[in-house]
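Okay, my_file-v8.cif now, which holds mmCIF, C-alpha atoms:
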data_final
#
loop_
_atom_site.label_atom_id
_atom_site.label_comp_id
_atom_site.auth_asym_id
_atom_site.auth_seq_id
_atom_site.Cartn_x
_atom_site.Cartn_y
_atom_site.Cartn_z
CA MET T 1 28.37 99.04 -78.26
CA THR T 2 30.74 101.67 -79.59
CA GLY T 3 33.07 101.52 -82.54
CA VAL T 4 36.21 101.92 -80.44
CA GLU T 5 35.46 98.90 -78.30
CA GLU T 6 37.94 96.12 -78.97
CA LYS T 7 36.66 93.06 -80.75
CA LYS T 8 36.26 89.88 -78.80
CA SER T 9 38.20 86.92 -80.07
CA THR T 10 37.71 83.21 -80.62
CA ASN T 11 40.72 80.93 -81.02
CA ILE T 12 40.32 77.32 -82.03
CA ILE T 13 43.05 74.70 -82.23
CA LEU T 14 42.11 72.09 -84.79
CA PHE T 15 44.26 69.07 -83.99
CA SER T 16 41.91 66.43 -85.36
CA GLY T 17 41.85 65.30 -88.95
CA ASP T 18 38.36 63.83 -88.65
CA TYR T 19 35.69 65.24 -90.94
CA ASP T 20 33.05 65.56 -88.22
CA LYS T 21 35.36 67.22 -85.70
CA ALA T 22 36.68 69.65 -88.30
CA MET T 23 33.07 70.44 -89.21
CA ALA T 24 32.31 71.29 -85.59
CA ALA T 25 35.38 73.54 -85.45
CA TYR T 26 34.42 75.37 -88.64
CA ILE T 27 30.77 75.78 -87.62
CA ILE T 28 31.82 77.37 -84.33
CA ALA T 29 34.37 79.54 -86.14
CA ASN T 30 31.81 80.79 -88.66
CA GLY T 31 29.29 81.40 -85.89
CA ALA T 32 31.86 83.36 -83.90
CA ALA T 33 32.68 85.50 -86.93
CA ALA T 34 28.97 86.31 -87.18
CA TYR T 35 29.24 87.31 -83.51
CA ASP T 36 31.75 89.96 -84.59
CA HIS T 37 34.64 88.07 -83.06
CA GLU T 38 38.12 88.10 -84.50
CA VAL T 39 38.44 84.39 -85.25
CA THR T 40 41.53 82.25 -85.72
CA ILE T 41 41.78 78.53 -86.38
CA PHE T 42 45.22 77.06 -85.67
CA HIS T 43 45.68 73.87 -87.62
CA THR T 44 48.16 71.43 -86.18
CA PHE T 45 48.96 67.74 -86.70
CA TRP T 46 46.09 65.98 -88.50
CA GLY T 47 44.06 69.17 -88.61
CA LEU T 48 46.49 70.46 -91.24
CA ASN T 49 44.87 68.11 -93.74
CA ALA T 50 41.78 70.33 -93.76
CA LEU T 51 43.99 72.95 -95.45
CA ARG T 52 45.46 70.63 -98.07
CA LYS T 53 44.68 71.30 -101.71
CA ASP T 54 42.79 68.40 -103.22
CA GLU T 55 45.04 68.03 -106.26
CA ASN T 56 48.47 66.41 -106.29
CA ILE T 57 51.15 69.08 -105.97
CA PRO T 58 54.56 67.96 -107.16
CA VAL T 59 57.08 68.94 -104.47
CA LYS T 60 60.43 67.44 -103.53
CA LYS T 61 60.12 65.06 -100.60
CA GLY T 62 61.98 62.27 -98.86
CA ALA T 63 60.63 58.71 -98.84
CA LEU T 64 59.06 59.03 -95.40
CA GLU T 65 57.35 62.32 -96.24
CA LYS T 66 56.05 60.84 -99.47
CA MET T 67 54.52 57.97 -97.54
CA PHE T 68 52.88 60.39 -95.10
CA ALA T 69 51.53 62.45 -97.96
CA LYS T 70 49.99 59.35 -99.52
CA MET T 71 48.41 58.12 -96.32
CA MET T 72 46.85 61.40 -95.23
CA PRO T 73 43.65 62.82 -96.71
CA ARG T 74 44.16 65.39 -99.44
CA GLY T 75 41.82 68.18 -98.41
CA SER T 76 38.73 68.48 -96.25
CA GLU T 77 36.39 66.41 -98.40
CA SER T 78 38.67 63.36 -98.22
CA MET T 79 38.75 63.25 -94.42
CA GLY T 80 37.24 60.31 -92.54
CA LEU T 81 34.75 60.23 -89.68
CA SER T 82 35.77 59.84 -86.02
CA LYS T 83 32.94 57.35 -85.50
CA MET T 84 31.11 55.04 -87.89
CA HIS T 85 33.65 55.50 -90.66
CA PHE T 86 32.81 52.01 -92.03
CA ALA T 87 35.83 51.91 -94.35
CA GLY T 88 34.68 55.02 -96.19
CA MET T 89 30.93 54.36 -96.30
CA GLY T 90 30.32 56.58 -93.25
CA PRO T 91 31.40 59.85 -94.87
CA LYS T 92 29.25 59.09 -97.93
CA LEU T 93 26.23 58.48 -95.71
CA ILE T 94 26.74 61.54 -93.56
CA LYS T 95 27.18 63.78 -96.62
CA LYS T 96 23.87 62.48 -97.92
CA VAL T 97 22.17 63.28 -94.62
CA MET T 98 23.82 66.72 -94.53
CA LYS T 99 22.49 67.52 -97.97
CA LYS T 100 19.01 66.53 -96.87
CA HIS T 101 19.23 68.93 -93.92
CA ASN T 102 20.87 71.71 -95.94
CA ALA T 103 23.98 71.61 -93.79
CA LEU T 104 27.08 73.03 -95.46
CA SER T 105 29.85 70.61 -96.39
CA LEU T 106 33.25 71.08 -94.77
CA ASN T 107 34.56 72.43 -98.04
CA GLU T 108 31.84 75.09 -98.10
CA LEU T 109 32.46 75.92 -94.44
CA VAL T 110 36.14 76.54 -95.22
CA ASP T 111 35.13 78.86 -98.08
CA MET T 112 32.66 80.64 -95.80
CA ALA T 113 35.43 81.05 -93.21
CA LYS T 114 37.65 82.75 -95.79
CA GLU T 115 34.78 84.97 -96.87
CA GLN T 116 34.27 86.03 -93.24
CA ASP T 117 37.99 86.87 -92.87
CA ILE T 118 38.68 84.09 -90.40
CA ASN T 119 42.42 83.62 -89.94
CA LEU T 120 43.43 80.16 -91.07
CA VAL T 121 46.80 79.39 -89.54
CA ALA T 122 49.02 76.38 -90.17
CA CYS T 123 51.49 75.28 -87.50
CA THR T 124 54.88 75.15 -89.21
CA MET T 125 56.47 72.70 -86.78
CA THR T 126 53.90 69.99 -87.44
CA MET T 127 54.02 70.77 -91.17
CA ASP T 128 57.68 69.74 -91.00
CA LEU T 129 56.84 66.59 -89.07
CA LEU T 130 54.18 65.51 -91.53
CA GLY T 131 56.25 66.63 -94.50
CA LEU T 132 53.66 69.14 -95.72
CA GLN T 133 54.90 72.12 -97.71
CA LYS T 134 53.33 75.51 -98.26
CA GLU T 135 52.65 74.73 -101.91
CA GLU T 136 50.37 71.87 -100.83
CA LEU T 137 48.18 74.03 -98.61
CA LEU T 138 45.47 76.51 -99.60
CA ASP T 139 46.70 79.88 -100.81
CA ASP T 140 45.38 82.22 -98.12
CA VAL T 141 46.80 80.33 -95.15
CA GLN T 142 49.03 82.04 -92.59
CA TYR T 143 52.00 80.32 -90.98
CA ALA T 144 52.88 80.51 -87.29
CA GLY T 145 53.95 78.68 -84.16
CA VAL T 146 52.89 78.29 -80.56
CA ALA T 147 53.84 81.83 -79.53
CA ALA T 148 51.51 83.35 -82.09
CA TYR T 149 48.70 81.16 -80.84
CA LEU T 150 49.37 82.10 -77.22
CA ALA T 151 49.51 85.80 -78.05
CA ASP T 152 46.00 85.55 -79.53
CA ALA T 153 44.66 83.15 -76.94
CA GLU T 154 45.76 85.00 -73.81
CA ASP T 155 43.47 87.87 -74.70
CA GLY T 156 40.85 85.59 -76.19
CA ASN T 157 37.30 85.11 -75.01
CA VAL T 158 36.66 81.67 -76.42
CA ASN T 159 39.41 79.06 -76.63
CA LEU T 160 38.82 75.57 -77.93
CA PHE T 161 40.91 72.51 -78.66
CA ILE T 162 39.27 70.13 -81.10
CA MET X 1 5.30 94.92 -87.20
CA ASN X 2 6.98 96.78 -90.06
CA GLN X 3 10.41 96.08 -91.40
CA ASP X 4 12.86 97.74 -93.76
CA PHE X 5 14.47 94.53 -95.02
CA VAL X 6 13.52 90.86 -95.18
CA LEU X 7 15.88 87.89 -95.11
CA ASP X 8 14.66 84.45 -96.06
CA ALA X 9 16.71 81.91 -94.11
CA LYS X 10 14.13 79.15 -94.35
CA GLY X 11 15.67 75.71 -94.79
CA MET X 12 19.12 76.90 -93.79
CA ALA X 13 21.02 74.93 -91.17
CA CYS X 14 23.17 76.25 -88.34
CA PRO X 15 25.25 78.45 -88.54
CA MET X 16 23.90 79.91 -91.80
CA PRO X 17 20.89 81.89 -90.47
CA ILE X 18 23.18 83.88 -88.16
CA VAL X 19 25.96 84.25 -90.73
CA LYS X 20 23.52 85.55 -93.37
CA THR X 21 21.81 87.84 -90.85
CA LYS X 22 25.11 89.37 -89.82
CA LYS X 23 25.92 90.05 -93.46
CA LYS X 24 22.50 91.58 -94.14
CA MET X 25 22.64 93.81 -91.05
CA LYS X 26 25.58 95.66 -92.63
CA GLU X 27 23.14 97.14 -95.15
CA LEU X 28 20.94 98.65 -92.44
CA GLU X 29 21.15 102.07 -90.89
CA LYS X 30 20.83 102.44 -87.15
CA GLY X 31 17.21 102.01 -86.05
CA GLN X 32 16.13 100.13 -89.18
CA VAL X 33 14.52 96.73 -88.78
CA LEU X 34 15.35 93.44 -90.47
CA LYS X 35 12.84 90.61 -90.52
CA VAL X 36 14.41 87.14 -90.66
CA GLU X 37 12.43 84.01 -91.40
CA ALA X 38 14.03 80.70 -90.39
CA THR X 39 13.06 77.08 -89.91
CA ASP X 40 16.09 75.99 -87.85
CA GLN X 41 14.52 75.44 -84.44
CA GLY X 42 17.77 76.39 -82.65
CA ALA X 43 17.33 79.88 -84.11
CA LYS X 44 15.06 80.94 -81.25
CA GLN X 45 17.88 80.83 -78.72
CA ASP X 46 20.48 81.79 -81.31
CA PHE X 47 18.87 85.06 -82.35
CA ALA X 48 18.17 86.17 -78.79
CA ALA X 49 21.80 85.53 -77.80
CA TRP X 50 23.22 86.98 -80.99
CA ALA X 51 21.24 90.22 -80.84
CA ASN X 52 22.15 90.65 -77.19
CA SER X 53 25.86 90.32 -77.71
CA THR X 54 26.19 92.27 -80.99
CA GLY X 55 24.40 95.38 -79.74
CA ASN X 56 21.25 94.88 -81.80
CA GLU X 57 17.76 94.50 -80.44
CA LEU X 58 15.48 91.53 -80.98
CA VAL X 59 12.17 93.39 -81.03
CA LYS X 60 9.74 90.61 -81.75
CA THR X 61 9.58 86.87 -82.38
CA THR X 62 6.69 84.92 -83.85
CA GLU X 63 6.17 81.26 -84.57
CA ASN X 64 3.92 80.11 -87.38
CA GLY X 65 4.07 76.34 -87.69
CA GLU X 66 7.64 75.52 -88.73
CA VAL X 67 8.52 79.10 -89.57
CA LEU X 68 10.10 81.36 -86.99
CA SER X 69 10.16 85.09 -87.65
CA PHE X 70 12.49 87.55 -85.96
CA TRP X 71 12.47 91.33 -86.12
CA ILE X 72 15.87 92.76 -85.34
CA LYS X 73 16.49 96.46 -84.88
CA LYS X 74 19.97 97.65 -85.73
CA GLY X 75 21.88 99.18 -82.82
CA GLU X 76 25.00 101.33 -82.97
#
Structure translated into C-alpha coordinates:
Amino acid sequence: MTGVEEKKSTNIILFSGDYDKAMAAYIIANGAAAYDHEVTIFHTFWGLNALRKDENIPVKKGALEKMFAKMMPRGSESMGLSKMHFAGMGPKLIKKVMKKHNALSLNELVDMAKEQDINLVACTMTMDLLGLQKEELLDDVQYAGVAAYLADAEDGNVNLFI
Amino acid sequence: MNQDFVLDAKGMACPMPIVKTKKKMKELEKGQVLKVEATDQGAKQDFAAWANSTGNELVKTTENGEVLSFWIKKGE
(Lines of atoms letter the chains of each structure in order from A and count residues from 1; the text may use other names and numbers.)
(Lines give C-alpha, C1' and ligand atoms only; values in the text may rest on other atoms or scores of the structure.)
Protein backbone atom coordinates (compact mmCIF):
# COMPACT_ATOMS: atom_id res chain seq x y z
CA MET A 1 0.00 0.00 0.00
CA THR A 2 1.39 3.40 -0.89
CA GLY A 3 0.81 6.73 0.76
CA VAL A 4 -0.84 8.28 -2.28
CA GLU A 5 -3.53 5.62 -2.48
CA GLU A 6 -6.92 7.07 -1.63
CA LYS A 7 -8.48 6.00 1.62
CA LYS A 8 -11.43 3.67 1.53
CA SER A 9 -14.58 4.94 3.14
CA THR A 10 -17.35 3.66 5.37
CA ASN A 11 -20.64 5.55 5.59
CA ILE A 12 -23.27 4.60 8.12
CA ILE A 13 -26.75 6.06 8.43
CA LEU A 14 -27.92 5.81 12.01
CA PHE A 15 -31.70 6.15 11.87
CA SER A 16 -32.48 4.15 14.98
CA GLY A 17 -32.59 5.60 18.46
CA ASP A 18 -32.21 2.19 20.11
CA TYR A 19 -29.21 1.69 22.36
CA ASP A 20 -28.29 -1.71 20.94
CA LYS A 21 -28.57 -0.65 17.31
CA ALA A 22 -26.56 2.51 17.93
CA MET A 23 -23.95 0.35 19.65
CA ALA A 24 -23.69 -1.85 16.57
CA ALA A 25 -23.30 1.24 14.37
CA TYR A 26 -20.56 2.69 16.57
CA ILE A 27 -18.68 -0.61 16.88
CA ILE A 28 -18.60 -0.97 13.09
CA ALA A 29 -17.58 2.68 12.72
CA ASN A 30 -14.71 2.33 15.20
CA GLY A 31 -13.61 -0.91 13.57
CA ALA A 32 -13.65 0.73 10.14
CA ALA A 33 -11.55 3.62 11.43
CA ALA A 34 -9.02 1.05 12.63
CA TYR A 35 -9.13 -0.31 9.07
CA ASP A 36 -7.86 3.08 7.91
CA HIS A 37 -11.20 4.00 6.41
CA GLU A 38 -12.53 7.53 6.32
CA VAL A 39 -15.65 6.99 8.43
CA THR A 40 -18.84 9.03 8.61
CA ILE A 41 -21.96 8.40 10.67
CA PHE A 42 -25.01 10.30 9.46
CA HIS A 43 -27.49 10.67 12.28
CA THR A 44 -31.08 11.13 11.24
CA PHE A 45 -34.47 10.87 12.97
CA TRP A 46 -34.16 8.96 16.26
CA GLY A 47 -30.46 8.40 15.71
CA LEU A 48 -29.94 12.10 16.45
CA ASN A 49 -30.58 11.35 20.11
CA ALA A 50 -27.21 9.61 20.30
CA LEU A 51 -25.66 13.06 19.76
CA ARG A 52 -27.74 14.85 22.39
CA LYS A 53 -25.97 16.31 25.39
CA ASP A 54 -27.16 14.67 28.57
CA GLU A 55 -27.86 17.91 30.43
CA ASN A 56 -30.88 20.15 29.91
CA ILE A 57 -29.99 22.96 27.52
CA PRO A 58 -32.31 25.94 27.74
CA VAL A 59 -33.31 26.87 24.19
CA LYS A 60 -36.42 28.59 22.84
CA LYS A 61 -38.94 26.08 21.55
CA GLY A 62 -42.59 25.79 20.64
CA ALA A 63 -44.96 23.58 22.65
CA LEU A 64 -44.71 20.65 20.24
CA GLU A 65 -40.92 20.76 20.14
CA LYS A 66 -40.81 20.92 23.92
CA MET A 67 -42.94 17.80 24.11
CA PHE A 68 -40.65 16.01 21.65
CA ALA A 69 -37.61 17.05 23.62
CA LYS A 70 -39.13 15.65 26.80
CA MET A 71 -40.14 12.35 25.26
CA MET A 72 -36.86 11.58 23.51
CA PRO A 73 -33.78 10.24 25.29
CA ARG A 74 -31.23 12.87 26.25
CA GLY A 75 -27.97 11.35 25.05
CA SER A 76 -26.73 7.87 24.25
CA GLU A 77 -26.86 6.46 27.77
CA SER A 78 -30.58 7.22 28.11
CA MET A 79 -31.58 5.29 24.99
CA GLY A 80 -33.76 2.19 25.25
CA LEU A 81 -33.29 -1.29 23.82
CA SER A 82 -34.94 -2.48 20.60
CA LYS A 83 -35.80 -5.80 22.26
CA MET A 84 -36.33 -6.75 25.90
CA HIS A 85 -36.53 -3.16 27.07
CA PHE A 86 -38.76 -4.22 30.00
CA ALA A 87 -39.78 -0.65 30.87
CA GLY A 88 -36.17 0.36 31.47
CA MET A 89 -34.89 -2.78 33.21
CA GLY A 90 -33.42 -4.13 29.95
CA PRO A 91 -30.81 -1.41 29.49
CA LYS A 92 -29.71 -1.79 33.13
CA LEU A 93 -29.27 -5.53 32.66
CA ILE A 94 -27.42 -5.26 29.38
CA LYS A 95 -25.05 -2.63 30.78
CA LYS A 96 -24.25 -5.00 33.62
CA VAL A 97 -23.51 -7.81 31.16
CA MET A 98 -21.42 -5.45 29.01
CA LYS A 99 -19.32 -4.49 31.99
CA LYS A 100 -18.72 -8.15 32.77
CA HIS A 101 -17.47 -8.73 29.22
CA ASN A 102 -15.45 -5.51 29.10
CA ALA A 103 -17.53 -4.17 26.24
CA LEU A 104 -17.44 -0.39 25.88
CA SER A 105 -20.61 1.53 26.68
CA LEU A 106 -22.22 3.56 23.90
CA ASN A 107 -20.96 6.72 25.54
CA GLU A 108 -17.39 5.41 25.45
CA LEU A 109 -17.82 4.28 21.84
CA VAL A 110 -18.90 7.81 20.88
CA ASP A 111 -15.80 9.22 22.61
CA MET A 112 -13.62 6.64 20.86
CA ALA A 113 -15.20 7.64 17.54
CA LYS A 114 -14.24 11.28 18.13
CA GLU A 115 -10.74 10.24 19.11
CA GLN A 116 -10.43 8.30 15.83
CA ASP A 117 -11.59 11.35 13.82
CA ILE A 118 -14.84 9.74 12.72
CA ASN A 119 -17.14 12.34 11.19
CA LEU A 120 -20.30 12.64 13.24
CA VAL A 121 -22.92 14.29 11.08
CA ALA A 122 -26.40 15.44 12.09
CA CYS A 123 -29.13 15.68 9.47
CA THR A 124 -30.48 19.23 9.70
CA MET A 125 -33.88 18.47 8.17
CA THR A 126 -34.78 15.90 10.81
CA MET A 127 -33.32 18.16 13.52
CA ASP A 128 -36.00 20.67 12.49
CA LEU A 129 -38.70 18.01 12.56
CA LEU A 130 -37.77 16.82 16.03
CA GLY A 131 -37.14 20.35 17.24
CA LEU A 132 -33.49 19.71 18.12
CA GLN A 133 -31.12 22.66 18.03
CA LYS A 134 -27.36 22.76 17.59
CA GLU A 135 -26.86 23.85 21.19
CA GLU A 136 -28.43 20.58 22.36
CA LEU A 137 -26.06 18.37 20.39
CA LEU A 138 -22.42 17.50 21.12
CA ASP A 139 -19.89 20.17 20.22
CA ASP A 140 -17.89 18.47 17.48
CA VAL A 141 -20.85 17.48 15.32
CA GLN A 142 -21.06 18.48 11.65
CA TYR A 143 -24.32 19.47 9.98
CA ALA A 144 -25.43 18.34 6.54
CA GLY A 145 -28.21 17.00 4.35
CA VAL A 146 -28.85 14.18 1.93
CA ALA A 147 -26.55 15.52 -0.80
CA ALA A 148 -23.55 15.46 1.51
CA TYR A 149 -24.33 11.89 2.45
CA LEU A 150 -24.69 10.85 -1.20
CA ALA A 151 -21.44 12.56 -2.15
CA ASP A 152 -19.61 10.45 0.45
CA ALA A 153 -21.59 7.29 -0.16
CA GLU A 154 -21.28 7.13 -3.95
CA ASP A 155 -17.54 6.67 -3.61
CA GLY A 156 -17.86 4.64 -0.45
CA ASN A 157 -16.83 1.05 0.07
CA VAL A 158 -19.11 0.17 2.95
CA ASN A 159 -22.59 1.65 3.24
CA LEU A 160 -24.96 0.75 6.04
CA PHE A 161 -28.39 1.82 7.20
CA ILE A 162 -29.06 1.02 10.84
CA MET B 1 9.69 -15.09 17.54
CA ASN B 2 11.11 -11.69 18.49
CA GLN B 3 9.16 -8.49 18.66
CA ASP B 4 9.93 -4.79 19.00
CA PHE B 5 6.72 -3.87 20.84
CA VAL B 6 4.12 -5.71 22.89
CA LEU B 7 0.45 -4.80 23.26
CA ASP B 8 -1.66 -6.38 25.97
CA ALA B 9 -5.24 -6.55 24.70
CA LYS B 10 -6.27 -9.35 27.03
CA GLY B 11 -9.82 -8.98 28.31
CA MET B 12 -10.71 -6.37 25.72
CA ALA B 13 -13.89 -6.83 23.71
CA CYS B 14 -14.46 -6.15 20.03
CA PRO B 15 -13.56 -3.69 18.49
CA MET B 16 -10.93 -2.64 21.04
CA PRO B 17 -8.10 -5.09 20.19
CA ILE B 18 -8.05 -3.83 16.59
CA VAL B 19 -8.49 -0.18 17.55
CA LYS B 20 -5.61 -0.35 20.05
CA THR B 21 -3.43 -2.28 17.61
CA LYS B 22 -3.96 0.30 14.90
CA LYS B 23 -2.94 3.03 17.32
CA LYS B 24 0.16 1.14 18.46
CA MET B 25 1.27 0.37 14.90
CA LYS B 26 1.77 4.10 14.34
CA GLU B 27 4.78 3.92 16.68
CA LEU B 28 6.49 1.25 14.59
CA GLU B 29 8.94 1.70 11.76
CA LYS B 30 8.55 -0.36 8.62
CA GLY B 31 9.68 -3.95 9.21
CA GLN B 32 9.32 -3.79 13.01
CA VAL B 33 7.13 -6.36 14.72
CA LEU B 34 4.33 -5.87 17.23
CA LYS B 35 3.16 -8.73 19.40
CA VAL B 36 -0.49 -8.50 20.44
CA GLU B 37 -2.02 -10.69 23.12
CA ALA B 38 -5.81 -10.98 23.12
CA THR B 39 -8.52 -13.14 24.64
CA ASP B 40 -11.37 -12.13 22.31
CA GLN B 41 -11.86 -15.31 20.29
CA GLY B 42 -13.04 -13.34 17.23
CA ALA B 43 -9.54 -11.84 17.09
CA LYS B 44 -8.20 -14.79 15.09
CA GLN B 45 -10.24 -13.88 12.03
CA ASP B 46 -10.08 -10.17 12.81
CA PHE B 47 -6.30 -9.88 12.85
CA ALA B 48 -5.84 -11.92 9.68
CA ALA B 49 -8.36 -9.74 7.82
CA TRP B 50 -7.09 -6.51 9.32
CA ALA B 51 -3.43 -7.14 8.52
CA ASN B 52 -4.34 -8.16 4.98
CA SER B 53 -6.28 -5.03 4.21
CA THR B 54 -4.05 -2.48 5.96
CA GLY B 55 -0.84 -3.56 4.24
CA ASN B 56 0.73 -5.17 7.30
CA GLU B 57 1.78 -8.77 7.61
CA LEU B 58 0.50 -11.25 10.16
CA VAL B 59 3.67 -13.28 10.61
CA LYS B 60 2.66 -15.72 13.28
CA THR B 61 -0.28 -16.70 15.47
CA THR B 62 -0.20 -18.86 18.57
CA GLU B 63 -2.88 -20.07 20.93
CA ASN B 64 -2.13 -20.78 24.57
CA GLY B 65 -5.32 -21.68 26.39
CA GLU B 66 -7.49 -18.56 26.30
CA VAL B 67 -4.70 -16.29 25.14
CA LEU B 68 -4.14 -15.65 21.46
CA SER B 69 -0.86 -14.09 20.37
CA PHE B 70 -0.29 -12.33 17.07
CA TRP B 71 2.95 -11.07 15.59
CA ILE B 72 2.34 -8.30 13.09
CA LYS B 73 5.07 -6.87 10.90
CA LYS B 74 4.59 -3.29 9.82
CA GLY B 75 4.29 -2.78 6.06
CA GLU B 76 4.64 0.46 4.13
For the file shown, what are the residues hit by the PyMOL selection byres ((chain T and resi 42-55) around 7), laid out as a PyMOL selection string? chain T and resi 12-17+40-41+56-57+73-76+120-123+126+136-138
Please evaluate the PyMOL selection byres ((chain X) within 8 of (chain T)) against the displayed coordinates and give the resulting residues as a PyMOL selection string. chain X and resi 11-15+18-19+22-23+50+53-55+75-76
What do you get, as a PyMOL selection string, if you spell out every residue that the PyMOL selection byres ((chain T and resi 153) around 12) selects here? chain T and resi 8-13+38-42+146-152+154-161
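Between atom CA of Ser82 of chain T and atom CA of Asp18 of chain T the separation is 5.4 Å.
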What separation in Å, quoted to one decimal, exists between atom CA of Lys66 of chain T and atom CA of Gln142 of chain T?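 Between atom CA of Lys66 of chain T and atom CA of Gln142 of chain T the gap is 23.4 Å.
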Separation of atom CA of Ala49 of chain X and atom CA of Asn119 of chain T, in Å?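 So the answer is 24.0 Å.
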Counting all atoms listed in the file, the option among T:Met67, T:Pro91, T:Lys114, T:Tyr19 closest to Asp139 of chain T: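 Ranked by minimum distance to Asp139 of chain T, first place goes to T:Lys114.
Neighbours of Ala9 of chain X closer than or equal to 7 Å, with only C-alpha atoms counted and sequence neighbours fewer than 3 positions away skipped, come out as Met12, Pro17, Val36, Glu37 and Ala38 of chain X.
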Anything within 8 Å of (18.4, 94.4, -92.7): list those residues as JSON, numbers by chain, counting all atoms listed in the file and sticking to the file's coordinates. {"X": [4, 5, 6, 7, 21, 24, 25, 26, 27, 28, 32, 33, 34, 35, 72, 74]}
Expected file contents, prior selection, C-alpha atoms, as a JSON list (two decimals), keeping the file's coordinate frame:
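The resulting file, selection17.json, is shown below:
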[["chain", "number", "residue", "atom", "x", "y", "z"],
["X", 4, "ASP", "CA", 12.86, 97.74, -93.76],
["X", 5, "PHE", "CA", 14.47, 94.53, -95.02],
["X", 6, "VAL", "CA", 13.52, 90.86, -95.18],
["X", 7, "LEU", "CA", 15.88, 87.89, -95.11],
["X", 21, "THR", "CA", 21.81, 87.84, -90.85],
["X", 24, "LYS", "CA", 22.50, 91.58, -94.14],
["X", 25, "MET", "CA", 22.64, 93.81, -91.05],
["X", 26, "LYS", "CA", 25.58, 95.66, -92.63],
["X", 27, "GLU", "CA", 23.14, 97.14, -95.15],
["X", 28, "LEU", "CA", 20.94, 98.65, -92.44],
["X", 32, "GLN", "CA", 16.13, 100.13, -89.18],
["X", 33, "VAL", "CA", 14.52, 96.73, -88.78],
["X", 34, "LEU", "CA", 15.35, 93.44, -90.47],
["X", 35, "LYS", "CA", 12.84, 90.61, -90.52],
["X", 72, "ILE", "CA", 15.87, 92.76, -85.34],
["X", 74, "LYS", "CA", 19.97, 97.65, -85.73]]
Mind checking which residues fall within 12 Å of Leu64 of chain T, counting only C-alpha atoms, ignoring those fewer than 2 positions away in the same chain, and posting them as a ChimeraX atom specification? /T:60-62,66-71,128-132
Nearest candidate to Glu115 of chain T (options T:Glu65, T:Glu77, T:Asp140, T:Glu135; using all atoms listed in the file):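 Among the listed residues, the smallest separation from Glu115 of chain T belongs to T:Asp140.
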